[in-house]
Structures are given as C-alpha cells and as structure tokens.
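One structure below.
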Amino acid sequence: MTHENLKDRVAVITGAGGVLCSGFAKDLAAQGVKVAVLDLNEQAAQKVADEIIAAGGTAVAVACNVLEKDSLEAARKKVNETLGTCDILVNGAGGNSPLGTTTKETLELSDIAEKAEGVKTFFDLDPKGIEFVFNLNFLGTLLTTQCFALEMVGKEGATILNVSSMNAFRPLTKIPAYSAAKAAVSNFTQFMAVHFADVGIRVNAIAPGFFATNQNHKLLFNEDGSLTPRSNKIITHTPLRRFGTPEDLTGALLFLCDNAYSAFVTGVVLPVDGGFAAYSGV
C-alpha cells in the first residue's frame, strides 16, 4: 500500500540508529518521506541513512543528544538546511539503565536479613540511574518536541509520534524506572494532543510489546539461542506466541503518520504487543 500523502514530507526521527527506529526511518523513506536520522551514535545514524539512500530514498544522518538543547538546535538547523522543516516528528530516543533495575522480581525477607552478594533490591536503586532513565525517555521527548514542533505549528498534516511501551500499561518486574518513565511518555502524549490541537498538530504514541532487539537480546535469549526463563514467561503471556519484529510496527507507524488515514486520531497510545496487555494469565 502506498501513502501518497506522505511523499516529500520531512520526518525527524530520534534514536534512529536503533533497531526499531531505524525501521521507522526506512518505512517512511519507502513512502517518499525525506528522513532525518538522528542518533547519539553518529556512525549508527550514518549507516541507516546510507541504507536508505542506497534503496533510492532521501536521508541525512545527524548526530544529536536529545538531552542537550544546543545539540538539538544544531540538529534542527542541519535538517532545515538539507531537507526542510519538520512535518513528522518521531520521538524514539529512549532506553533503560542497570542502575534502575532490581536483581529479583520480588523482594524476599532474606534480602533484608542477609542479602547475598550481587543482589540489588528496591532499596539499592541508584537515584542517578532513575534520573538518567527518566531524562532519556521523558525529558528527551519534551526537549526534542520543544525544538522541532514550533516550526510544525499551522502546517497541514503535522504529526508527532512518541514511542511508549507496553510497560506503560502494566509495569514489568525488575525495571521500575523504565516502566514509570514510559508511563510518563504516554501521559505526556495525551497532554500534547490536547495542547496542540488548535494549532493543527496531532500527537499519538506507539507502545511496542516485546521485540527481539540488540538492546534486550540478553534478556530474551541464552547464549545457545534458547529462551531464558523470563522470556518463556513473556511468550506464555503473549496470545500470538511470538516476539515482535520491526515489520510489525510498519502499519501502525504509517497509519498514525498519514493524515489521510488518521486525521481524527490524536491522543492515542496504540499497543503493538501481540495481545500481551490484554491477557490476564488465565
């Protein structure tokens, strides 16, 4: 299916050197969108841009730190000079930190009385780690939107797409900082949808479920490629009985970005999770 309405529009995608957001960049480029591939890792961004260009698309790689206003401003200037002003903003930069993660799924009395070496409980969580996760996921979304959305005001078909997570609906064990930060992104998506409604910007979010990416490979698979105990739980609680692939996000991405299909859709957080959030376990 082609989305003629997207042709020649300009998309700015943060975190676009990663697995899922690089897929977003390629999917939009395949529809004739001119794509700015923003990432903290300039080499990763350039690799994605090169692949888009080799496939006949238009892209530019831009090194950018979404937590630094000067870096964002420099990125915006480069995007404007090479592609034009932003029509579609995808806030994809995000991630977790071991400093905001517990070792066990639940607290045990023995963890208090005589904690084993290497065990990190809720009471050991590092505030700096929590702060990093919230900054990267939430503040990075806010600052990027402040930088790019001003030039989107009044544009026909302007849209912002945030990347939330199924963790925002129901927090996973062991990763309280990431779950809470993504819940903040979902809430912020609804705020922005209302705030920008009168100036013509639609704001929605995609909430991916469990996707096999470089970031979570060690969580999901043993060294021999078999499922870990945790990923066995995931598959058991996923009605479609598999992990997601980047291609599973394409339809949701194009639907929410194309005003011809979703002009009356704003403030939505769309789960793409194989039914995980819908399943009670029984």
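Labels for the structure tokens follow display order: chains A, B, ..., residues from 1 in each chain, ligands from 1.
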Enumerate, in order of chain and increasing residue number, the residues of range 188-231 of chain A with an atom no farther than 12 Å from range 18-33 of chain A, each with its shortest atom pair and distance in Å to one decimal, counting only C-alpha atoms, as a Markdown table.
| residue | atom | partner | partner_atom | distance |
| --- | --- | --- | --- | --- |
| A:Ile206 | CA | A:Leu20 | CA | 11.3 |
| A:Ala207 | CA | A:Leu20 | CA | 11.7 |
| A:Pro208 | CA | A:Leu20 | CA | 9.4 |
| A:Gly209 | CA | A:Leu20 | CA | 11.6 |
| A:Phe210 | CA | A:Leu20 | CA | 11.4 |
| A:Phe211 | CA | A:Leu20 | CA | 8.6 |
| A:Ala212 | CA | A:Val19 | CA | 9.1 |
| A:Thr213 | CA | A:Val19 | CA | 6.2 |
| A:Asn214 | CA | A:Val19 | CA | 7.3 |
| A:Gln215 | CA | A:Val19 | CA | 8.6 |
| A:Asn216 | CA | A:Val19 | CA | 10.9 |
| A:His217 | CA | A:Val19 | CA | 11.6 |
- Task: Do a neighbour search on range 89-91 of chain A at 6 Å with only C-alpha atoms, toss out local chain neighbours closer than 5 positions, and write the hits as an MDAnalysis selection string.
- Result: chainID A and resid 11:14 141 160:162
Store the residues picked out above, limited to N, CA and C atoms, as a CSV table (one decimal), in the first residue's frame.
chain,number,residue,atom,x,y,z
A,11,ALA,N,10.6,14.0,7.8
A,11,ALA,CA,10.4,13.3,9.1
A,11,ALA,C,11.7,13.4,9.9
A,12,VAL,N,11.6,13.8,11.1
A,12,VAL,CA,12.8,13.8,12.0
A,12,VAL,C,12.5,12.7,13.1
A,13,ILE,N,13.5,11.7,13.1
A,13,ILE,CA,13.4,10.6,14.0
A,13,ILE,C,14.6,10.5,14.9
A,14,THR,N,14.3,10.6,16.2
A,14,THR,CA,15.4,10.4,17.2
A,14,THR,C,15.6,8.9,17.6
A,141,THR,N,12.0,13.5,25.1
A,141,THR,CA,10.8,13.7,24.3
A,141,THR,C,10.4,15.1,24.4
A,160,ILE,N,3.1,14.3,15.5
A,160,ILE,CA,4.1,13.9,16.4
A,160,ILE,C,3.8,12.5,16.8
A,161,LEU,N,4.8,11.6,16.8
A,161,LEU,CA,4.6,10.2,17.2
A,161,LEU,C,5.6,9.9,18.3
A,162,ASN,N,5.2,9.6,19.5
A,162,ASN,CA,6.1,9.2,20.6
A,162,ASN,C,6.2,7.7,20.7
- Note on the structure: If you count only C-alpha atoms, the residue of A:Ile112, A:Leu67, A:Ile175, A:Ala181 closest to Leu142 in chain A turns out to be A:Leu67
- Item | Surrounding residues of range 152-155 of chain A excluding itself and chain neighbours under 4 positions, 9 Å, only C-alpha atoms, as a list of chain:residue names |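 The neighbour list is A:Thr85, A:Cys86, A:Asp87, A:Ile88, A:Phe148, A:Thr159, A:Phe196, A:Asp198, A:Val199, A:Gly200, A:Ile201.
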Produce a file of the selected residues containing C-alpha atoms, as an mmCIF file, in the first residue's frame.
data_model
loop_
_atom_site.group_PDB
_atom_site.id
_atom_site.type_symbol
_atom_site.label_atom_id
_atom_site.label_comp_id
_atom_site.auth_asym_id
_atom_site.auth_seq_id
_atom_site.Cartn_x
_atom_site.Cartn_y
_atom_site.Cartn_z
ATOM 1 C CA THR A 85 11.340 21.994 8.166
ATOM 2 C CA CYS A 86 9.841 19.081 10.049
ATOM 3 C CA ASP A 87 6.386 17.692 9.215
ATOM 4 C CA ILE A 88 6.594 14.409 11.147
ATOM 5 C CA PHE A 148 11.109 20.884 16.335
ATOM 6 C CA THR A 159 2.072 14.980 13.425
ATOM 7 C CA PHE A 196 -1.502 21.287 20.204
ATOM 8 C CA ASP A 198 -5.838 24.129 17.999
ATOM 9 C CA VAL A 199 -2.625 24.639 16.005
ATOM 10 C CA GLY A 200 -3.058 21.569 13.814
ATOM 11 C CA ILE A 201 -0.567 19.090 15.295
#
Per-residue DSSP, range 3-182 of chain A, filtered to strand (DSSP E), as an mmCIF file with N, CA, C and O atoms, in the first residue's frame:
data_model
loop_
_atom_site.group_PDB
_atom_site.id
_atom_site.type_symbol
_atom_site.label_atom_id
_atom_site.label_comp_id
_atom_site.auth_asym_id
_atom_site.auth_seq_id
_atom_site.Cartn_x
_atom_site.Cartn_y
_atom_site.Cartn_z
ATOM 1 N N VAL A 10 8.863 15.846 5.435
ATOM 2 C CA VAL A 10 10.125 15.720 6.167
ATOM 3 C C VAL A 10 9.853 15.093 7.528
ATOM 4 O O VAL A 10 9.017 15.590 8.293
ATOM 5 N N ALA A 11 10.551 14.001 7.805
ATOM 6 C CA ALA A 11 10.417 13.335 9.099
ATOM 7 C C ALA A 11 11.723 13.433 9.867
ATOM 8 O O ALA A 11 12.806 13.201 9.322
ATOM 9 N N VAL A 12 11.608 13.761 11.137
ATOM 10 C CA VAL A 12 12.751 13.781 12.048
ATOM 11 C C VAL A 12 12.547 12.659 13.057
ATOM 12 O O VAL A 12 11.524 12.616 13.741
ATOM 13 N N ILE A 13 13.509 11.737 13.116
ATOM 14 C CA ILE A 13 13.371 10.569 13.979
ATOM 15 C C ILE A 13 14.566 10.492 14.915
ATOM 16 O O ILE A 13 15.719 10.375 14.469
ATOM 17 N N LYS A 34 11.273 12.383 3.202
ATOM 18 C CA LYS A 34 12.671 12.757 3.398
ATOM 19 C C LYS A 34 12.980 12.637 4.892
ATOM 20 O O LYS A 34 12.341 13.306 5.705
ATOM 21 N N VAL A 35 13.943 11.795 5.234
ATOM 22 C CA VAL A 35 14.136 11.397 6.624
ATOM 23 C C VAL A 35 15.442 11.927 7.220
ATOM 24 O O VAL A 35 16.523 11.734 6.644
ATOM 25 N N ALA A 36 15.322 12.565 8.367
ATOM 26 C CA ALA A 36 16.488 12.960 9.154
ATOM 27 C C ALA A 36 16.703 11.898 10.225
ATOM 28 O O ALA A 36 15.844 11.697 11.082
ATOM 29 N N VAL A 37 17.829 11.210 10.133
ATOM 30 C CA VAL A 37 18.152 10.109 11.034
ATOM 31 C C VAL A 37 18.999 10.661 12.178
ATOM 32 O O VAL A 37 20.196 10.878 12.032
ATOM 33 N N LEU A 38 18.364 10.902 13.312
ATOM 34 C CA LEU A 38 19.058 11.478 14.468
ATOM 35 C C LEU A 38 19.410 10.394 15.475
ATOM 36 O O LEU A 38 18.577 9.549 15.815
ATOM 37 N N ASP A 39 20.649 10.429 15.951
ATOM 38 C CA ASP A 39 21.070 9.469 16.964
ATOM 39 C C ASP A 39 22.303 10.006 17.668
ATOM 40 O O ASP A 39 23.091 10.763 17.083
ATOM 41 N N THR A 58 15.626 9.368 0.400
ATOM 42 C CA THR A 58 16.331 10.590 0.771
ATOM 43 C C THR A 58 16.501 10.619 2.283
ATOM 44 O O THR A 58 15.515 10.490 3.019
ATOM 45 N N ALA A 59 17.749 10.774 2.726
ATOM 46 C CA ALA A 59 18.009 10.773 4.166
ATOM 47 C C ALA A 59 19.286 11.532 4.471
ATOM 48 O O ALA A 59 20.179 11.648 3.629
ATOM 49 N N VAL A 60 19.353 12.022 5.695
ATOM 50 C CA VAL A 60 20.569 12.650 6.193
ATOM 51 C C VAL A 60 20.786 12.190 7.621
ATOM 52 O O VAL A 60 19.839 12.085 8.411
ATOM 53 N N ALA A 61 22.022 11.864 7.955
ATOM 54 C CA ALA A 61 22.378 11.441 9.307
ATOM 55 C C ALA A 61 22.796 12.654 10.116
ATOM 56 O O ALA A 61 23.546 13.511 9.636
ATOM 57 N N VAL A 62 22.290 12.724 11.348
ATOM 58 C CA VAL A 62 22.597 13.860 12.206
ATOM 59 C C VAL A 62 22.922 13.361 13.606
ATOM 60 O O VAL A 62 22.106 12.693 14.238
ATOM 61 N N ALA A 63 24.113 13.686 14.086
ATOM 62 C CA ALA A 63 24.470 13.351 15.465
ATOM 63 C C ALA A 63 23.707 14.285 16.397
ATOM 64 O O ALA A 63 23.684 15.500 16.186
ATOM 65 N N ILE A 88 6.859 15.590 10.320
ATOM 66 C CA ILE A 88 6.594 14.409 11.147
ATOM 67 C C ILE A 88 7.739 14.259 12.140
ATOM 68 O O ILE A 88 8.903 14.107 11.738
ATOM 69 N N LEU A 89 7.427 14.304 13.413
ATOM 70 C CA LEU A 89 8.445 14.133 14.451
ATOM 71 C C LEU A 89 8.202 12.817 15.171
ATOM 72 O O LEU A 89 7.114 12.586 15.707
ATOM 73 N N VAL A 90 9.211 11.947 15.166
ATOM 74 C CA VAL A 90 9.124 10.678 15.878
ATOM 75 C C VAL A 90 10.119 10.698 17.027
ATOM 76 O O VAL A 90 11.334 10.702 16.810
ATOM 77 N N ASN A 91 9.598 10.745 18.247
ATOM 78 C CA ASN A 91 10.450 10.761 19.437
ATOM 79 C C ASN A 91 10.757 9.326 19.856
ATOM 80 O O ASN A 91 10.038 8.710 20.644
ATOM 81 N N THR A 159 2.358 16.010 12.424
ATOM 82 C CA THR A 159 2.072 14.980 13.425
ATOM 83 C C THR A 159 3.314 14.630 14.232
ATOM 84 O O THR A 159 4.440 14.656 13.724
ATOM 85 N N ILE A 160 3.079 14.315 15.492
ATOM 86 C CA ILE A 160 4.139 13.858 16.398
ATOM 87 C C ILE A 160 3.801 12.451 16.838
ATOM 88 O O ILE A 160 2.663 12.162 17.209
ATOM 89 N N LEU A 161 4.799 11.582 16.786
ATOM 90 C CA LEU A 161 4.614 10.205 17.222
ATOM 91 C C LEU A 161 5.649 9.887 18.287
ATOM 92 O O LEU A 161 6.855 9.923 18.028
ATOM 93 N N ASN A 162 5.183 9.615 19.501
ATOM 94 C CA ASN A 162 6.075 9.238 20.590
ATOM 95 C C ASN A 162 6.189 7.729 20.666
ATOM 96 O O ASN A 162 5.313 7.001 20.186
ATOM 97 N N VAL A 163 7.257 7.251 21.276
ATOM 98 C CA VAL A 163 7.431 5.817 21.469
ATOM 99 C C VAL A 163 7.291 5.509 22.958
ATOM 100 O O VAL A 163 8.158 5.857 23.759
#
- Item | For Asn65 in chain A, the nearest of the candidates A:Lys120, A:Thr2, A:Leu139, A:Lys47, counting only C-alpha atoms |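 Result for the nearest residue to Asn65 in chain A: A:Leu139.
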- May I have all residues of range 34-81 of chain A that DSSP, computed from the backbone, assigns to alpha helix (DSSP H), given as a list in words?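 Written out, the alpha helix (DSSP H) residues of range 34-81 of chain A are Glu42, Gln43, Ala44, Ala45, Gln46, Lys47, Val48, Ala49, Asp50, Glu51, Ile52, Ile53, Ala54, Lys69, Asp70, Ser71, Leu72, Glu73, Ala74, Ala75, Arg76, Lys77, Lys78, Val79, Asn80 and Glu81 of chain A.
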Report as a compact mmCIF listing (two decimals) with C-alpha atoms, in the first residue's frame all protein, DNA and RNA residues lying within 12 Å of Pro271 in chain A, evaluated on only C-alpha atoms, omitting residues in the same chain fewer than 6 positions from it.
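Produced file part-v4.txt, reproduced below:
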# COMPACT_ATOMS: atom_id res chain seq x y z
CA VAL A 163 7.43 5.82 21.47
CA SER A 164 5.92 4.49 24.67
CA SER A 165 5.88 0.83 25.75
CA MET A 166 3.50 -1.84 26.97
CA ASN A 167 5.27 -1.25 30.31
CA ALA A 168 3.26 1.97 30.48
CA PHE A 169 0.04 -0.05 30.79
CA ARG A 170 1.31 -2.61 33.27
CA SER A 186 2.07 8.06 27.46
CA ASN A 204 -0.04 9.94 19.27
CA ALA A 205 2.20 7.14 20.52
CA ILE A 206 3.08 3.58 19.64
CA ALA A 207 3.53 1.19 22.57
CA PRO A 208 5.61 -1.77 21.37
CA GLY A 209 5.44 -5.02 23.29
CA PHE A 210 8.35 -7.45 23.34
CA GLY A 244 7.55 -8.79 17.56
CA ASP A 248 5.10 -5.49 12.84
CA LEU A 249 5.23 -1.76 13.58
CA ALA A 252 0.78 1.41 12.97
CA LEU A 253 3.52 3.88 12.03
CA ALA A 277 -1.54 -6.27 27.64
CA ALA A 278 -4.93 -7.91 27.07
- Message: I need the residue nearest Phe221 in chain A from this list: A:Phe243, A:Thr173, A:Val194, A:Leu270. Use only C-alpha atoms for the distance.
- Response: A:Phe243
- Between A:Gly17, A:Leu6, A:Glu68, A:Phe123, single out the one closest to Asp50 in chain A, counting only C-alpha atoms.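 Of A:Gly17, A:Leu6, A:Glu68, A:Phe123, the one nearest Asp50 in chain A is A:Gly17, counting only C-alpha atoms.
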- For each of A:Ser231, A:Asn137, A:Asn96, A:Thr266, take the minimum atom-to-atom distance to Phe191 in chain A, counting only C-alpha atoms, then give the residue where this is smallest. A:Thr266
- Could you tell me which of A:Ala45, A:Lys174, A:Gly56, A:Glu117 comes closest to Thr103 in chain A if we count only C-alpha atoms?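 The shortest atom-to-atom distance to Thr103 in chain A comes from A:Lys174.
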- Hey, can you check how far CA of Ser179 in chain A sits from CA of Phe134 in chain A?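 Between CA of Ser179 in chain A and CA of Phe134 in chain A the gap is 9.7 Å.
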- How far is it from CA of Asn135 in chain A to CA of Ala16 in chain A, in Å with one decimal? 17.9 Å
